[in-house]
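S.K.: final30.cif (mmCIF, C-alpha atoms (C1' of nucleotides)) pasted underneath:
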data_final
#
loop_
_atom_site.label_atom_id
_atom_site.label_comp_id
_atom_site.auth_asym_id
_atom_site.auth_seq_id
_atom_site.Cartn_x
_atom_site.Cartn_y
_atom_site.Cartn_z
CA MET R 28 -100.86 -168.60 61.67
CA ALA R 29 -100.78 -171.65 63.90
CA GLU R 30 -104.49 -171.46 64.67
CA SER R 31 -105.68 -172.11 61.15
CA ARG R 32 -103.07 -174.83 60.88
CA ARG R 33 -104.72 -176.65 63.74
CA GLU R 34 -108.15 -175.98 62.32
CA GLN R 35 -107.05 -177.50 59.08
CA LEU R 36 -105.72 -180.57 60.85
CA TYR R 37 -109.02 -180.97 62.68
CA GLU R 38 -110.89 -180.71 59.43
CA GLU R 39 -108.66 -183.29 57.80
CA LEU R 40 -109.03 -185.70 60.68
CA SER R 41 -112.78 -185.25 60.73
CA LEU R 42 -113.05 -185.99 57.05
CA GLU R 43 -110.63 -188.86 57.15
CA SER R 44 -112.29 -190.53 60.12
CA ARG R 45 -115.64 -190.36 58.37
CA ARG R 46 -114.20 -192.06 55.34
CA TYR R 47 -112.45 -194.53 57.62
CA LEU R 48 -115.64 -195.42 59.44
CA ALA R 49 -117.65 -195.65 56.23
CA ALA R 50 -115.02 -198.01 54.89
CA TYR R 51 -115.32 -200.17 57.97
CA VAL R 52 -119.06 -200.55 57.49
CA LEU R 53 -118.53 -201.58 53.89
CA PHE R 54 -115.71 -203.87 54.91
CA ASN R 55 -117.85 -205.58 57.51
CA GLN R 56 -120.58 -206.06 54.93
CA ALA R 57 -118.11 -207.57 52.50
CA ILE R 58 -116.93 -210.09 55.09
CA ALA R 59 -120.53 -210.91 55.97
CA ASP R 60 -121.36 -211.37 52.30
CA HIS R 61 -118.34 -213.56 51.84
CA LEU R 62 -119.33 -215.81 54.73
CA GLY R 63 -123.04 -215.81 53.96
CA LEU R 64 -123.84 -214.03 57.21
CA HIS R 65 -125.35 -210.72 58.21
CA PRO R 66 -123.26 -207.73 59.24
CA THR R 67 -124.73 -207.90 62.73
CA ASP R 68 -123.71 -211.53 63.03
CA VAL R 69 -120.12 -210.75 62.09
CA GLN R 70 -120.10 -207.87 64.53
CA CYS R 71 -121.33 -210.20 67.25
CA LEU R 72 -118.67 -212.80 66.48
CA SER R 73 -116.06 -210.06 66.56
CA LEU R 74 -117.21 -209.06 70.02
CA LEU R 75 -117.43 -212.66 71.20
CA THR R 76 -113.89 -213.48 70.18
CA ALA R 77 -112.59 -210.19 71.57
CA GLU R 78 -113.83 -211.05 75.05
CA PRO R 79 -112.01 -213.63 77.13
CA GLY R 80 -115.02 -215.37 78.63
CA PRO R 81 -118.49 -216.21 77.31
CA LEU R 82 -121.18 -213.55 77.08
CA THR R 83 -124.81 -213.60 78.13
CA VAL R 84 -127.61 -212.76 75.73
CA ARG R 85 -128.15 -209.49 77.50
CA GLN R 86 -124.52 -208.49 77.17
CA ILE R 87 -124.69 -209.21 73.46
CA ALA R 88 -127.84 -207.12 73.24
CA ASP R 89 -126.15 -204.21 74.98
CA MET R 90 -122.96 -204.41 72.96
CA THR R 91 -124.78 -204.55 69.63
CA GLY R 92 -127.57 -202.14 70.47
CA LEU R 93 -130.30 -204.69 69.87
CA THR R 94 -133.23 -205.56 72.11
CA THR R 95 -133.03 -208.82 74.05
CA GLY R 96 -135.60 -210.30 71.71
CA SER R 97 -133.53 -209.56 68.63
CA ALA R 98 -130.41 -210.75 70.42
CA THR R 99 -132.14 -214.07 71.05
CA ARG R 100 -132.85 -214.34 67.33
CA LEU R 101 -129.25 -213.40 66.59
CA VAL R 102 -127.94 -216.16 68.84
CA ASP R 103 -130.48 -218.50 67.25
CA ARG R 104 -128.99 -217.82 63.83
CA LEU R 105 -125.42 -218.23 65.03
CA GLU R 106 -126.31 -221.42 66.89
CA ARG R 107 -128.09 -222.83 63.85
CA GLY R 108 -125.01 -222.03 61.81
CA GLY R 109 -122.84 -223.82 64.34
CA TYR R 110 -120.82 -220.73 65.26
CA VAL R 111 -121.79 -220.62 68.93
CA ALA R 112 -123.21 -222.86 71.64
CA ARG R 113 -125.67 -222.09 74.42
CA THR R 114 -124.74 -223.08 77.94
CA PRO R 115 -126.91 -222.49 81.00
CA ASP R 116 -125.27 -220.49 83.78
CA ARG R 117 -125.04 -222.44 87.03
CA GLN R 118 -124.67 -219.37 89.23
CA ASP R 119 -127.67 -217.55 87.78
CA ARG R 120 -130.10 -219.95 86.19
CA ARG R 121 -131.88 -217.18 84.34
CA ARG R 122 -128.80 -216.54 82.27
CA VAL R 123 -127.63 -218.30 79.14
CA LEU R 124 -123.93 -218.23 78.30
CA VAL R 125 -123.01 -217.94 74.66
CA THR R 126 -119.64 -219.48 73.78
CA PRO R 127 -118.01 -219.48 70.35
CA VAL R 128 -117.31 -222.83 68.70
CA PRO R 129 -113.59 -222.72 67.81
CA GLU R 130 -113.70 -225.03 64.77
CA ARG R 131 -116.50 -223.09 63.11
CA ILE R 132 -115.20 -219.71 64.18
CA ALA R 133 -111.93 -220.60 62.52
CA ARG R 134 -113.52 -219.89 59.16
CA VAL R 135 -114.16 -216.34 60.22
CA THR R 136 -110.82 -215.78 61.89
CA ALA R 137 -109.15 -217.25 58.80
CA VAL R 138 -110.51 -214.34 56.82
CA TRP R 139 -109.45 -211.90 59.51
CA ASP R 140 -105.98 -213.37 59.77
CA ASP R 141 -105.52 -213.25 56.04
CA LEU R 142 -106.44 -209.61 56.17
CA GLY R 143 -104.60 -209.12 59.42
CA GLN R 144 -101.37 -209.97 57.70
CA ALA R 145 -101.75 -207.06 55.32
CA TRP R 146 -102.71 -205.00 58.33
CA GLY R 147 -99.48 -206.06 59.96
CA THR R 148 -97.41 -204.73 57.12
CA LEU R 149 -99.34 -201.49 57.39
CA LEU R 150 -98.48 -201.26 61.06
CA ASP R 151 -94.85 -202.07 60.36
CA GLY R 152 -94.61 -198.63 58.83
CA HIS R 153 -95.29 -197.05 62.20
CA THR R 154 -92.93 -196.35 65.06
CA GLU R 155 -93.82 -197.57 68.52
CA ASP R 156 -94.62 -194.05 69.59
CA GLU R 157 -97.00 -193.64 66.70
CA LEU R 158 -98.75 -196.89 67.56
CA GLU R 159 -99.26 -195.67 71.08
CA VAL R 160 -100.63 -192.36 69.85
CA ILE R 161 -103.17 -194.09 67.63
CA THR R 162 -104.21 -196.57 70.30
CA ARG R 163 -104.58 -193.83 72.85
CA HIS R 164 -106.67 -191.74 70.51
CA MET R 165 -109.03 -194.63 69.83
CA ARG R 166 -109.39 -195.34 73.52
CA LEU R 167 -110.24 -191.70 74.18
CA ALA R 168 -112.68 -191.62 71.29
CA TYR R 169 -114.26 -194.79 72.60
CA ASP R 170 -114.78 -193.31 76.04
CA LEU R 171 -116.09 -190.08 74.62
CA SER R 172 -118.57 -191.75 72.30
CA HIS R 173 -119.99 -193.74 75.18
CA GLU R 174 -120.33 -190.61 77.21
CA GLN R 175 -122.02 -188.89 74.29
CA MET R 176 -124.41 -191.78 73.87
CA ARG R 177 -125.55 -191.47 77.44
CA HIS R 178 -125.97 -187.74 76.90
CA LEU R 179 -127.86 -188.32 73.66
CA ARG R 180 -130.28 -190.79 75.18
CA SER R 181 -131.07 -188.49 78.07
CA LEU R 182 -132.13 -185.76 75.63
CA PRO R 183 -135.70 -185.44 74.35
CA LYS R 184 -136.23 -186.34 70.72
CA PRO R 185 -136.68 -183.33 68.39
CA ASP R 186 -139.82 -184.44 66.52
CA MET F 19 -87.14 -207.85 73.81
CA ALA F 20 -88.38 -205.23 71.41
CA GLU F 21 -90.16 -207.78 69.28
CA SER F 22 -92.68 -208.76 71.90
CA ARG F 23 -93.10 -205.10 72.72
CA ARG F 24 -94.22 -204.46 69.18
CA GLU F 25 -96.43 -207.54 69.23
CA GLN F 26 -98.06 -206.25 72.34
CA LEU F 27 -98.66 -202.87 70.75
CA TYR F 28 -100.23 -204.54 67.73
CA GLU F 29 -102.47 -206.57 69.99
CA GLU F 30 -103.52 -203.49 71.89
CA LEU F 31 -104.27 -201.55 68.76
CA SER F 32 -106.23 -204.43 67.29
CA LEU F 33 -108.37 -204.72 70.40
CA GLU F 34 -108.81 -200.99 70.78
CA SER F 35 -109.80 -200.45 67.16
CA ARG F 36 -112.44 -203.17 67.45
CA ARG F 37 -113.91 -201.48 70.48
CA TYR F 38 -113.62 -198.15 68.70
CA LEU F 39 -115.48 -199.39 65.65
CA ALA F 40 -118.12 -201.15 67.72
CA ALA F 41 -118.66 -197.91 69.58
CA TYR F 42 -119.08 -196.07 66.31
CA VAL F 43 -121.83 -198.42 65.20
CA LEU F 44 -123.65 -197.92 68.49
CA PHE F 45 -123.08 -194.19 68.29
CA ASN F 46 -124.51 -194.01 64.81
CA GLN F 47 -127.54 -195.96 65.97
CA ALA F 48 -128.01 -193.61 68.89
CA ILE F 49 -127.99 -190.59 66.59
CA ALA F 50 -130.40 -192.29 64.23
CA ASP F 51 -132.69 -193.14 67.14
CA HIS F 52 -132.49 -189.60 68.37
CA LEU F 53 -133.48 -188.18 65.00
CA GLY F 54 -136.07 -190.84 64.22
CA LEU F 55 -134.05 -192.11 61.27
CA HIS F 56 -132.34 -195.33 60.33
CA PRO F 57 -128.60 -195.86 60.73
CA THR F 58 -128.25 -196.18 56.97
CA ASP F 59 -129.95 -192.83 56.50
CA VAL F 60 -127.59 -191.11 58.91
CA GLN F 61 -124.64 -192.75 57.19
CA CYS F 62 -125.90 -191.45 53.87
CA LEU F 63 -126.32 -187.92 55.19
CA SER F 64 -122.84 -188.10 56.62
CA LEU F 65 -121.48 -189.01 53.22
CA LEU F 66 -123.57 -186.38 51.46
CA THR F 67 -122.34 -183.58 53.66
CA ALA F 68 -118.76 -184.81 53.47
CA GLU F 69 -118.73 -184.45 49.69
CA PRO F 70 -118.51 -181.01 48.14
CA GLY F 71 -120.97 -181.56 45.30
CA PRO F 72 -124.22 -183.51 44.98
CA LEU F 73 -124.16 -187.28 44.55
CA THR F 74 -126.00 -189.52 42.13
CA VAL F 75 -128.12 -192.42 43.31
CA ARG F 76 -125.51 -194.83 42.03
CA GLN F 77 -122.74 -193.15 43.97
CA ILE F 78 -124.83 -193.39 47.11
CA ALA F 79 -125.44 -197.05 46.39
CA ASP F 80 -121.72 -197.70 45.99
CA MET F 81 -120.71 -195.74 49.06
CA THR F 82 -123.25 -197.43 51.29
CA GLY F 83 -123.00 -200.91 49.80
CA LEU F 84 -126.66 -201.03 48.82
CA THR F 85 -128.16 -201.98 45.47
CA THR F 86 -129.45 -199.19 43.27
CA GLY F 87 -132.99 -200.26 44.08
CA SER F 88 -132.44 -199.93 47.81
CA ALA F 89 -130.61 -196.66 47.27
CA THR F 90 -133.66 -195.33 45.47
CA ARG F 91 -135.79 -196.24 48.48
CA LEU F 92 -133.23 -194.62 50.75
CA VAL F 93 -133.38 -191.38 48.80
CA ASP F 94 -137.17 -191.69 48.83
CA ARG F 95 -137.16 -191.76 52.62
CA LEU F 96 -134.76 -188.84 52.90
CA GLU F 97 -136.73 -186.84 50.35
CA ARG F 98 -139.99 -187.55 52.15
CA GLY F 99 -138.35 -186.39 55.35
CA GLY F 100 -137.22 -183.22 53.62
CA TYR F 101 -133.53 -183.89 54.12
CA VAL F 102 -132.59 -184.01 50.45
CA ALA F 103 -133.89 -182.89 47.06
CA ARG F 104 -133.78 -184.65 43.72
CA THR F 105 -132.46 -182.71 40.76
CA PRO F 106 -132.17 -184.05 37.23
CA ASP F 107 -128.68 -183.89 35.74
CA ARG F 108 -128.53 -181.76 32.60
CA GLN F 109 -125.35 -183.30 31.32
CA ASP F 110 -126.51 -186.89 31.65
CA ARG F 111 -130.26 -187.11 31.71
CA ARG F 112 -130.22 -190.65 33.06
CA ARG F 113 -128.78 -189.41 36.30
CA VAL F 114 -130.51 -187.87 39.31
CA LEU F 115 -128.51 -185.58 41.55
CA VAL F 116 -129.21 -185.76 45.25
CA THR F 117 -128.54 -182.55 47.14
CA PRO F 118 -128.89 -182.04 50.87
CA VAL F 119 -131.38 -179.44 52.09
CA PRO F 120 -129.38 -177.13 54.38
CA GLU F 121 -132.22 -176.08 56.69
CA ARG F 122 -133.29 -179.63 57.39
CA ILE F 123 -129.77 -181.00 57.50
CA ALA F 124 -129.02 -178.43 60.15
CA ARG F 125 -130.86 -180.58 62.65
CA VAL F 126 -128.44 -183.37 62.03
CA THR F 127 -125.33 -181.23 61.97
CA ALA F 128 -126.53 -179.56 65.15
CA VAL F 129 -126.20 -182.90 66.89
CA TRP F 130 -122.84 -183.46 65.30
CA ASP F 131 -121.59 -180.01 66.18
CA ASP F 132 -122.73 -180.39 69.74
CA LEU F 133 -120.78 -183.58 69.87
CA GLY F 134 -118.02 -182.13 67.75
CA GLN F 135 -117.32 -179.59 70.44
CA ALA F 136 -116.53 -182.33 72.92
CA TRP F 137 -114.53 -183.94 70.16
CA GLY F 138 -112.62 -180.70 69.77
CA THR F 139 -111.55 -180.68 73.37
CA LEU F 140 -110.43 -184.26 72.92
CA LEU F 141 -108.31 -183.22 69.96
CA ASP F 142 -106.91 -180.26 71.88
CA GLY F 143 -105.00 -182.79 73.93
CA HIS F 144 -103.03 -183.81 70.88
CA THR F 145 -99.97 -182.21 69.35
CA GLU F 146 -100.00 -181.40 65.66
CA ASP F 147 -97.65 -184.26 64.97
CA GLU F 148 -99.97 -186.65 66.71
CA LEU F 149 -102.92 -185.42 64.71
CA GLU F 150 -101.02 -186.04 61.53
CA VAL F 151 -100.07 -189.52 62.66
CA ILE F 152 -103.69 -190.42 63.37
CA THR F 153 -104.98 -188.92 60.14
CA ARG F 154 -102.31 -190.69 58.15
CA HIS F 155 -103.10 -194.01 59.77
CA MET F 156 -106.78 -193.70 58.99
CA ARG F 157 -106.04 -192.82 55.40
CA LEU F 158 -103.80 -195.87 55.06
CA ALA F 159 -106.39 -198.10 56.73
CA TYR F 160 -109.00 -196.70 54.39
CA ASP F 161 -106.95 -197.53 51.32
CA LEU F 162 -106.11 -200.97 52.64
CA SER F 163 -109.68 -201.86 53.47
CA HIS F 164 -110.79 -200.95 49.97
CA GLU F 165 -108.03 -203.05 48.52
CA GLN F 166 -109.05 -205.93 50.77
CA MET F 167 -112.66 -205.58 49.73
CA ARG F 168 -111.74 -205.97 46.10
CA HIS F 169 -109.67 -208.99 47.05
CA LEU F 170 -112.51 -210.43 49.13
CA ARG F 171 -115.08 -210.07 46.38
CA SER F 172 -112.83 -211.76 43.85
CA LEU F 173 -112.59 -214.83 46.08
CA PRO F 174 -115.08 -217.69 45.84
CA LYS F 175 -117.48 -218.01 48.74
CA PRO F 176 -116.67 -220.86 51.15
CA ASP F 177 -120.09 -222.50 51.36
"C1'" DA U 5 -126.01 -193.41 10.63
"C1'" DT U 6 -127.93 -196.81 13.11
"C1'" DA U 7 -128.35 -201.06 15.58
"C1'" DG U 8 -126.66 -203.16 19.76
"C1'" DA U 9 -124.86 -202.87 24.29
"C1'" DA U 10 -124.28 -200.65 28.59
"C1'" DA U 11 -125.55 -197.51 32.35
"C1'" DC U 12 -128.89 -195.25 35.26
"C1'" DA U 13 -132.86 -194.88 38.16
"C1'" DC U 14 -137.13 -196.79 39.36
"C1'" DT U 15 -140.79 -200.37 40.62
"C1'" DG U 16 -143.32 -205.05 42.18
"C1'" DC U 17 -142.38 -208.73 44.96
"C1'" DG U 18 -140.90 -211.81 48.52
"C1'" DT U 19 -137.85 -212.43 52.48
"C1'" DC U 20 -136.31 -211.76 56.91
"C1'" DA U 21 -134.09 -208.86 60.64
"C1'" DC U 22 -135.82 -205.99 63.88
"C1'" DG U 23 -138.70 -203.61 67.72
"C1'" DC U 24 -142.61 -204.15 70.63
"C1'" DA U 25 -145.34 -206.31 74.03
"C1'" DG U 26 -146.21 -210.06 76.80
"C1'" DC U 27 -144.67 -214.42 79.00
"C1'" DA U 28 -142.58 -217.74 82.58
"C1'" DA U 29 -138.61 -218.65 85.32
"C1'" DA U 30 -135.18 -217.13 88.52
"C1'" DG U 31 -133.06 -213.85 91.67
"C1'" DG U 32 -133.05 -210.05 95.33
"C1'" DG U 33 -135.07 -207.23 99.14
"C1'" DG U 34 -138.49 -205.80 102.49
"C1'" DC I 28 -143.80 -214.67 102.31
"C1'" DC I 29 -144.94 -211.18 98.77
"C1'" DC I 30 -143.22 -207.69 95.65
"C1'" DC I 31 -140.19 -206.07 92.27
"C1'" DT I 32 -136.56 -206.61 89.03
"C1'" DT I 33 -133.87 -209.14 85.76
"C1'" DT I 34 -133.19 -212.58 82.12
"C1'" DG I 35 -134.30 -214.89 78.04
"C1'" DC I 36 -137.85 -216.44 74.91
"C1'" DT I 37 -142.00 -216.03 71.76
"C1'" DG I 38 -146.14 -214.07 68.55
"C1'" DC I 39 -146.90 -210.33 65.79
"C1'" DG I 40 -146.54 -206.53 62.60
"C1'" DT I 41 -143.46 -203.35 60.20
"C1'" DG I 42 -140.32 -202.12 56.94
"C1'" DA I 43 -135.53 -202.21 54.92
"C1'" DC I 44 -133.36 -204.90 51.79
"C1'" DG I 45 -132.00 -207.84 47.50
"C1'" DC I 46 -133.61 -209.54 43.20
"C1'" DA I 47 -135.34 -209.21 38.73
"C1'" DG I 48 -137.46 -206.69 35.29
"C1'" DT I 49 -138.78 -202.00 32.91
"C1'" DG I 50 -138.16 -197.60 30.48
"C1'" DT I 51 -135.02 -194.10 29.31
"C1'" DT I 52 -130.71 -192.25 28.02
"C1'" DT I 53 -125.90 -192.64 26.63
"C1'" DC I 54 -122.03 -194.97 24.62
"C1'" DT I 55 -119.95 -197.99 21.10
"C1'" DA I 56 -119.06 -200.35 16.88
"C1'" DT I 57 -119.45 -201.32 12.37
#
Please rewrite the model in this file as structure tokens.
M.R.:
Amino acid sequence: MAESRREQLYEELSLESRRYLAAYVLFNQAIADHLGLHPTDVQCLSLLTAEPGPLTVRQIADMTGLTTGSATRLVDRLERGGYVARTPDRQDRRRVLVTPVPERIARVTAVWDDLGQAWGTLLDGHTEDELEVITRHMRLAYDLSHEQMRHLRSLPKPD
Amino acid sequence: MAESRREQLYEELSLESRRYLAAYVLFNQAIADHLGLHPTDVQCLSLLTAEPGPLTVRQIADMTGLTTGSATRLVDRLERGGYVARTPDRQDRRRVLVTPVPERIARVTAVWDDLGQAWGTLLDGHTEDELEVITRHMRLAYDLSHEQMRHLRSLPKPD
DNA sequence: ATAGAAACACTGCGTCACGCAGCAAAGGGG
DNA sequence: CCCCTTTGCTGCGTGACGCAGTGTTTCTAT
């Protein structure tokens, strides 16, 4: 029966994605350990380098799920470590722009690139169609999770 | 040229997976917030329910990346909250088996199921082949990340 | 058989990331 | 001009975490 076949595929994907996501958390921790940073810091650097322009403290807070206070402390740590620099925004003088420092960031990206190479060989085993399927799925999952988060936050807490 | 086409697909997937993973972290936090738990606790419950049998404290420590001491505290919290129960292992009396409490866990899975339904409709948009492609990719990425972690931990820290 | 080593879970202890509440400065709207 | 919001920063307290050490149980080697 085709129905149970699909069910089985759903079950497999559910299980596999959980393992996949758990592995990512561990992986992020390992990188942070290796660099002497905190997982949150690495996450922040990942977001910073993924964006084209500089980010404000508030944007960092939103993207990491921290409060603005904690985001300030986060930027403090990264600035003290020399990973980022603070720049006042001329348009809106309330804002502070956080820009990555390329030379220092290079240490982090060096680790990523080293690992990215192995990742590349993994991707080489995929056809272009398959790559598109995976990318599309992640984009959909991304959109859905954001939608779910809004839904979740609008709900009352069961306590 | 097909080469740059592939490069572009790699770039897209790289970017999309980073957003995907960042969203997962936020999502996990949102669920934890909603339930009045910590992200680590939710992660642990996710792992517990994903496994068929009970886990030992050490296994939990390994799967979450915590020390055994912190894992003990984690199980303490979950036990106090009524989510899990400690059971001594008869075969190896050093070990403590941690089993989820179905009634209490139901609260968590209820959230997941509610979200899983929306996830289901997302998956309905995929063909069976596509599902297999995605699952396979995640399994490969899982294996690779574990391999990389071993590699990373064997390296000296650049400090 | 028995001493030594290893594994497991647990417990003080100190550190520090985080949320909370309050603050001043800067922007936007009536 | 006042009011309200937004932005980022700062005390303060909490608590999750790593570290190191303990007792108990299991494995190993001679």
S.K.: Could the residues of chain U within 9 Å of chain F, counting all atoms listed in the file, be given as a JSON list (two decimals) with C-alpha atoms (C1' of nucleotides), in the frame of the given file, please?
M.R.:
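That gives us iface_23.json:
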[["chain", "number", "residue", "atom", "x", "y", "z"],
["U", 11, "DA", "C1'", -125.55, -197.51, 32.35],
["U", 12, "DC", "C1'", -128.89, -195.25, 35.26],
["U", 13, "DA", "C1'", -132.86, -194.88, 38.16],
["U", 14, "DC", "C1'", -137.13, -196.79, 39.36],
["U", 15, "DT", "C1'", -140.79, -200.37, 40.62]]
S.K.: What are the residues of chain I that have an atom within 12 Å of an atom of chain F, counting only C-alpha atoms (C1' of nucleotides), as a ChimeraX atom specification?
M.R.: /I:42-48,50-54
S.K.: Please list as a PyMOL selection string every residue within 9 Å of segment 37-53 of chain R, counting all atoms listed in the file and excluding residues in the same chain fewer than 4 positions away.
M.R.: (chain R and resi 32-33+57-58+66) or (chain F and resi 39+42-43+61+64-65+68+81-83+138+141+149-150+152-154+156-157+159-161+163-164+167)
S.K.: Would you work out the distance separating atom CA of Ala112 of chain R from atom CA of Pro81 of chain R, expressed in Å to one decimal?
M.R.: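 Going from atom CA of Ala112 of chain R over to atom CA of Pro81 of chain R covers 9.9 Å.
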S.K.: Can you work out which one of F:Ala124, F:Ile78, F:Glu148, F:Glu165 has the shortest atom-to-atom distance to chain R, counting only C-alpha atoms?
M.R.: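 Selected residue with least distance to chain R: F:Glu148.
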S.K.: Using all atoms listed in the file, determine which residues lie at most 12 Å from DT32 of chain I, disregarding the query and same-chain residues fewer than 6 positions distant; provide the list as a list in words.
M.R.: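 Counting all atoms listed in the file, the residues come to DA30, DG31, DG32 and DG33 of chain U.
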